[in-house]
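To start, the structure under review is shown below, and the notes come after it.
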Amino acid sequence: YITKESRQAYTYLETQLKRLPRNENVRVLIVDDSRNTRKLIKSYLLRHKYLIAEAVDGVSALEQLEQFDDIKVIITDNEMPNMNGVTLTSKIREKFNSEDKVIIGISGTDDNRVSANFLKNGADDYLRKPFYPEEFYCRVSQNLDMQENIATIRRQANSDYLTGLPNRRYFFEQANSLLKRQKFAHQVAMLDIDHFKAVNDNYGHDAGDIVLKEVSRLFDTMFGKDHLVARLGGEEFAVLFKDENHEDNQALLEQFRETVSQLQIDCAGKTLCVTISIGVTVKDTQSTDEVLKLADLCLYQAKEQGRNRVIV
Ligand code: GH3
Ligand code: MG
Ligand code: MG
Ligand code: MG
Ligand code: MG
């Protein structure tokens, strides 16, 4: 027999659960040698639709992390056979920072040094057993919020607002580290839309923005998956090729140039056409600046020779 109140309470719970759809993709690893503690934490988490993985000690926790790459949170006890929680925490931190994996230490001890040890070794938070479910949920979801906020800020810092492409900052950061450990001479191309100022002058800045977005989308589709691409600024783009197939890449750039020249871009009832010039260089160097300068020299020649062409 279901009372009106219990039905209301149930409906309320259902709505609460529906408001937490994010949890459905978040896997939490519960590490504790006590079967009862694991069971309790698991019941809390399942109620909020988290995915679960379990481990009985630090060693099996590391195995679970290998097996499930969707684990975002690790809740770990300290005192366990084989490997304790503090050691597990420091081992996880050798590979992953808080952006990748949130670690929450738990322990039944009233020794304050345990919480200090957890935090010193890279845990994000600590909970004393036994804990109230409300506090438990808050700690887990607040740490996840933090993780998500950092990811958002990082995404924003690395991408260009107008086109969504990686920005100059990201390009230099990635190119620097790629060129530092390069095993072969990388090919780099600079691209610049021809007479772009005229697009703005003739059709307005908004039309210019639409052209930039359209060209960027095509650029990203053709090169973004396999190579490092960016909008360096204005109507200038760059791609650093991650493979050694120089001739194939050149052919791809030629194909891109051709496709851009055939684009019919729809801007408030008008159809716009643009062309793009491309400079390509191959240089065994560790300096992103230097390789871009060389590509820019080729780009300059492409402009000099009449635009809408690829110069190597
Ligand atoms: P060239 O063929 O020699 O490259 O000529 P250009 O007109 O493309 O080159 P120029 O450097 O003279 O002009 C680039 C223009 O790009 C000027 C600037 O107003 C415009 N621009 C830069 N960023 C943006 C943007 O985000 N949106 C729009 N609409 N225009 C932009
Ligand atoms: Mg224990
Ligand atoms: Mg330019
Ligand atoms: Mg220019
Ligand atoms: Mg230009």
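Chains: A, B, ... in order of the structure tokens. Residues: from 1 per chain. Ligands: from 1, in order shown.
Shell of Ala53 in chain A at 7 Å, with only C-alpha atoms counted and residues fewer than 3 places along the chain excluded, is Arg27, Val28, Leu29 and Ile30 of chain A.
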Export of the given selection (C-alpha atoms) as an mmCIF file, in the first residue's frame:
```cif
data_model
loop_
_atom_site.group_PDB
_atom_site.id
_atom_site.type_symbol
_atom_site.label_atom_id
_atom_site.label_comp_id
_atom_site.auth_asym_id
_atom_site.auth_seq_id
_atom_site.Cartn_x
_atom_site.Cartn_y
_atom_site.Cartn_z
ATOM 1 C CA ARG A 27 33.116 5.770 -12.507
ATOM 2 C CA VAL A 28 34.210 5.734 -8.891
ATOM 3 C CA LEU A 29 36.794 3.253 -7.624
ATOM 4 C CA ILE A 30 36.167 2.144 -4.052
#
```
Inset, instruction - All residues within 7 Å of ligand 5 are required, counting only C-alpha atoms and all ligand atoms; please report them as number ranges by chain. - result: A: 192-196, 235
Emit the selected residues as a PDB file, in the first residue's frame, including C-alpha atoms.
```pdb
ATOM      1  CA  ASP A 192      46.515  32.947 -44.708  1.00  0.00           C
ATOM      2  CA  ILE A 193      43.220  33.900 -46.354  1.00  0.00           C
ATOM      3  CA  ASP A 194      43.744  36.101 -49.396  1.00  0.00           C
ATOM      4  CA  HIS A 195      42.504  39.707 -49.439  1.00  0.00           C
ATOM      5  CA  PHE A 196      40.523  39.081 -46.314  1.00  0.00           C
ATOM      6  CA  GLU A 235      42.940  35.051 -40.750  1.00  0.00           C
TER       7      GLU A 235
END
```
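Among the candidates A:Asp289, A:Ala251, A:Asp124, A:Glu79, the one nearest to Ala175 in chain A when counting only C-alpha atoms is A:Asp289.
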Report the closest atom pair, with its distance in Å rounded to one decimal, for each residue of chain A that has an atom no farther than 12 Å from ligand 4; count only C-alpha atoms and all ligand atoms, sort by chain and then rising residue number, and write it as a tab-separated table.
```
residue	atom	partner	partner_atom_place_in_ligand_line	distance
A:Leu191	CA	ligand 4	1 (Mg)	10.9
A:Asp192	CA	ligand 4	1 (Mg)	7.7
A:Ile193	CA	ligand 4	1 (Mg)	8.6
A:Asp194	CA	ligand 4	1 (Mg)	8.1
A:His195	CA	ligand 4	1 (Mg)	7.9
A:Phe196	CA	ligand 4	1 (Mg)	8.4
A:Lys197	CA	ligand 4	1 (Mg)	8.6
A:Ala198	CA	ligand 4	1 (Mg)	11.5
A:Gly233	CA	ligand 4	1 (Mg)	11.4
A:Gly234	CA	ligand 4	1 (Mg)	9.5
A:Glu235	CA	ligand 4	1 (Mg)	8.7
A:Glu236	CA	ligand 4	1 (Mg)	8.9
A:Ile276	CA	ligand 4	1 (Mg)	11.6
A:Ser277	CA	ligand 4	1 (Mg)	10.7
A:Asp296	CA	ligand 4	1 (Mg)	10.9
A:Leu299	CA	ligand 4	1 (Mg)	10.2
A:Tyr300	CA	ligand 4	1 (Mg)	9.0
A:Ala302	CA	ligand 4	1 (Mg)	11.9
A:Lys303	CA	ligand 4	1 (Mg)	9.0
A:Glu304	CA	ligand 4	1 (Mg)	11.4
A:Arg307	CA	ligand 4	1 (Mg)	11.4
```
Legend entry - Residue nearest ligand 2 among A:Asp70, A:Asp226, A:Glu54, A:Asp77 (counting only C-alpha atoms and all ligand atoms):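 Of A:Asp70, A:Asp226, A:Glu54, A:Asp77, the one nearest ligand 2 is A:Asp77, counting only C-alpha atoms and all ligand atoms.
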Legend entry - Option closest in space to Lys95 in chain A, from A:Leu65, A:Val239, A:Ala116, A:Val199 [counting only C-alpha atoms]: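 Smallest distance to Lys95 in chain A is found for A:Leu65.
Residues in contact with Gln262 in chain A at up to 10 Å, not including ones fewer than 3 positions away on its chain and judged by only C-alpha atoms, are Phe256, Arg257, Glu258, Thr259, Ile265, Cys273, Val274 and Thr275 of chain A.
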For those residues, write C-alpha atoms to a file as a PDB file, in the first residue's frame.
```pdb
ATOM      1  CA  PHE A 256      42.476  22.019 -48.940  1.00  0.00           C
ATOM      2  CA  ARG A 257      43.482  25.076 -50.978  1.00  0.00           C
ATOM      3  CA  GLU A 258      41.378  23.816 -53.881  1.00  0.00           C
ATOM      4  CA  THR A 259      38.349  23.099 -51.669  1.00  0.00           C
ATOM      5  CA  ILE A 265      29.855  30.694 -48.274  1.00  0.00           C
ATOM      6  CA  CYS A 273      34.131  33.120 -52.250  1.00  0.00           C
ATOM      7  CA  VAL A 274      37.657  33.270 -50.862  1.00  0.00           C
ATOM      8  CA  THR A 275      41.038  31.783 -51.598  1.00  0.00           C
TER       9      THR A 275
END
```
Inset, instruction - Could you give me, as a PyMOL selection string, every polymer residue with an atom at most 12 Å away from an atom of ligand 2, counting only C-alpha atoms and all ligand atoms? - result: chain A and resi 30-38+55-58+76-86+105-109+129
Kindly save the residues from that selection, with N, CA and C atoms included, as a PDB file, in the first residue's frame.
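Produced file result34.pdb, reproduced below:
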```
ATOM      1  N   ILE A  30      36.217   2.255  -5.515  1.00  0.00           N
ATOM      2  CA  ILE A  30      36.167   2.144  -4.052  1.00  0.00           C
ATOM      3  C   ILE A  30      37.256   1.175  -3.605  1.00  0.00           C
ATOM      4  N   VAL A  31      38.183   1.669  -2.779  1.00  0.00           N
ATOM      5  CA  VAL A  31      39.290   0.825  -2.335  1.00  0.00           C
ATOM      6  C   VAL A  31      39.230   0.672  -0.827  1.00  0.00           C
ATOM      7  N   ASP A  32      38.927  -0.522  -0.371  1.00  0.00           N
ATOM      8  CA  ASP A  32      38.862  -0.780   1.073  1.00  0.00           C
ATOM      9  C   ASP A  32      38.941  -2.283   1.303  1.00  0.00           C
ATOM     10  N   ASP A  33      39.696  -2.679   2.318  1.00  0.00           N
ATOM     11  CA  ASP A  33      39.779  -4.115   2.597  1.00  0.00           C
ATOM     12  C   ASP A  33      38.535  -4.613   3.342  1.00  0.00           C
ATOM     13  N   SER A  34      37.749  -3.708   3.875  1.00  0.00           N
ATOM     14  CA  SER A  34      36.527  -4.120   4.552  1.00  0.00           C
ATOM     15  C   SER A  34      35.370  -4.216   3.560  1.00  0.00           C
ATOM     16  N   ARG A  35      34.834  -5.431   3.479  1.00  0.00           N
ATOM     17  CA  ARG A  35      33.752  -5.688   2.532  1.00  0.00           C
ATOM     18  C   ARG A  35      32.539  -4.831   2.880  1.00  0.00           C
ATOM     19  N   ASN A  36      32.287  -4.665   4.180  1.00  0.00           N
ATOM     20  CA  ASN A  36      31.125  -3.888   4.614  1.00  0.00           C
ATOM     21  C   ASN A  36      31.232  -2.425   4.227  1.00  0.00           C
ATOM     22  N   THR A  37      32.423  -1.852   4.421  1.00  0.00           N
ATOM     23  CA  THR A  37      32.608  -0.446   4.033  1.00  0.00           C
ATOM     24  C   THR A  37      32.404  -0.272   2.531  1.00  0.00           C
ATOM     25  N   ARG A  38      32.971  -1.195   1.755  1.00  0.00           N
ATOM     26  CA  ARG A  38      32.792  -1.110   0.292  1.00  0.00           C
ATOM     27  C   ARG A  38      31.316  -1.167  -0.065  1.00  0.00           C
ATOM     28  N   ALA A  55      38.146  -2.404  -5.257  1.00  0.00           N
ATOM     29  CA  ALA A  55      39.433  -3.055  -5.030  1.00  0.00           C
ATOM     30  C   ALA A  55      39.629  -3.256  -3.533  1.00  0.00           C
ATOM     31  N   VAL A  56      40.364  -4.328  -3.174  1.00  0.00           N
ATOM     32  CA  VAL A  56      40.530  -4.669  -1.763  1.00  0.00           C
ATOM     33  C   VAL A  56      41.833  -4.136  -1.172  1.00  0.00           C
ATOM     34  N   ASP A  57      42.735  -3.663  -2.053  1.00  0.00           N
ATOM     35  CA  ASP A  57      43.977  -3.055  -1.557  1.00  0.00           C
ATOM     36  C   ASP A  57      44.599  -2.192  -2.667  1.00  0.00           C
ATOM     37  N   GLY A  58      45.723  -1.552  -2.361  1.00  0.00           N
ATOM     38  CA  GLY A  58      46.350  -0.642  -3.317  1.00  0.00           C
ATOM     39  C   GLY A  58      46.766  -1.329  -4.606  1.00  0.00           C
ATOM     40  N   THR A  76      39.682   5.956  -1.196  1.00  0.00           N
ATOM     41  CA  THR A  76      40.522   4.887  -0.657  1.00  0.00           C
ATOM     42  C   THR A  76      40.748   4.942   0.851  1.00  0.00           C
ATOM     43  N   ASP A  77      40.605   3.776   1.444  1.00  0.00           N
ATOM     44  CA  ASP A  77      40.954   3.528   2.823  1.00  0.00           C
ATOM     45  C   ASP A  77      42.479   3.620   2.957  1.00  0.00           C
ATOM     46  N   ASN A  78      42.997   3.770   4.190  1.00  0.00           N
ATOM     47  CA  ASN A  78      44.451   3.757   4.331  1.00  0.00           C
ATOM     48  C   ASN A  78      44.984   2.384   4.696  1.00  0.00           C
ATOM     49  N   GLU A  79      44.556   1.862   5.836  1.00  0.00           N
ATOM     50  CA  GLU A  79      45.129   0.596   6.304  1.00  0.00           C
ATOM     51  C   GLU A  79      44.555  -0.591   5.554  1.00  0.00           C
ATOM     52  N   MET A  80      45.408  -1.183   4.711  1.00  0.00           N
ATOM     53  CA  MET A  80      45.009  -2.345   3.918  1.00  0.00           C
ATOM     54  C   MET A  80      46.250  -3.204   3.721  1.00  0.00           C
ATOM     55  N   PRO A  81      46.080  -4.518   3.531  1.00  0.00           N
ATOM     56  CA  PRO A  81      47.251  -5.358   3.238  1.00  0.00           C
ATOM     57  C   PRO A  81      47.853  -4.994   1.864  1.00  0.00           C
ATOM     58  N   ASN A  82      49.068  -5.430   1.612  1.00  0.00           N
ATOM     59  CA  ASN A  82      49.799  -5.249   0.337  1.00  0.00           C
ATOM     60  C   ASN A  82      50.229  -3.801   0.055  1.00  0.00           C
ATOM     61  N   MET A  83      49.279  -2.887  -0.013  1.00  0.00           N
ATOM     62  CA  MET A  83      49.658  -1.486  -0.239  1.00  0.00           C
ATOM     63  C   MET A  83      48.612  -0.600   0.412  1.00  0.00           C
ATOM     64  N   ASN A  84      49.055   0.340   1.257  1.00  0.00           N
ATOM     65  CA  ASN A  84      48.083   1.197   1.930  1.00  0.00           C
ATOM     66  C   ASN A  84      47.618   2.354   1.048  1.00  0.00           C
ATOM     67  N   GLY A  85      46.637   3.094   1.557  1.00  0.00           N
ATOM     68  CA  GLY A  85      45.999   4.144   0.756  1.00  0.00           C
ATOM     69  C   GLY A  85      46.912   5.314   0.440  1.00  0.00           C
ATOM     70  N   VAL A  86      47.778   5.666   1.405  1.00  0.00           N
ATOM     71  CA  VAL A  86      48.690   6.796   1.180  1.00  0.00           C
ATOM     72  C   VAL A  86      49.683   6.456   0.064  1.00  0.00           C
ATOM     73  N   GLY A 105      40.752  10.324   0.475  1.00  0.00           N
ATOM     74  CA  GLY A 105      41.207   9.355   1.463  1.00  0.00           C
ATOM     75  C   GLY A 105      40.132   9.162   2.529  1.00  0.00           C
ATOM     76  N   ILE A 106      40.010   7.945   3.030  1.00  0.00           N
ATOM     77  CA  ILE A 106      39.103   7.703   4.158  1.00  0.00           C
ATOM     78  C   ILE A 106      39.840   6.850   5.185  1.00  0.00           C
ATOM     79  N   SER A 107      39.515   7.069   6.441  1.00  0.00           N
ATOM     80  CA  SER A 107      40.137   6.228   7.458  1.00  0.00           C
ATOM     81  C   SER A 107      39.335   6.287   8.750  1.00  0.00           C
ATOM     82  N   GLY A 108      39.387   5.208   9.501  1.00  0.00           N
ATOM     83  CA  GLY A 108      38.659   5.141  10.757  1.00  0.00           C
ATOM     84  C   GLY A 108      39.500   5.630  11.937  1.00  0.00           C
ATOM     85  N   THR A 109      40.767   5.918  11.664  1.00  0.00           N
ATOM     86  CA  THR A 109      41.661   6.287  12.756  1.00  0.00           C
ATOM     87  C   THR A 109      41.430   7.729  13.213  1.00  0.00           C
ATOM     88  N   LYS A 129      35.942   7.963   8.837  1.00  0.00           N
ATOM     89  CA  LYS A 129      34.888   6.948   8.993  1.00  0.00           C
ATOM     90  C   LYS A 129      34.464   6.867  10.454  1.00  0.00           C
TER      91      LYS A 129
END
```
Legend entry - Nearest to ligand 3 by atom-to-atom distance, counting only C-alpha atoms and all ligand atoms, from A:Cys267, A:Met190, A:Ala230, A:Val291: A:Met190
Inset, instruction - State, in Å with one decimal place, the distance from CA of Thr89 in chain A to CA of Ser115 in chain A. - result: 12.0 Å
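Considering the residues A:Gln174, A:Gln250, A:Ser261, A:Asn202 and counting only C-alpha atoms, Ser287 in chain A has its shortest atom-to-atom contact with A:Gln174.
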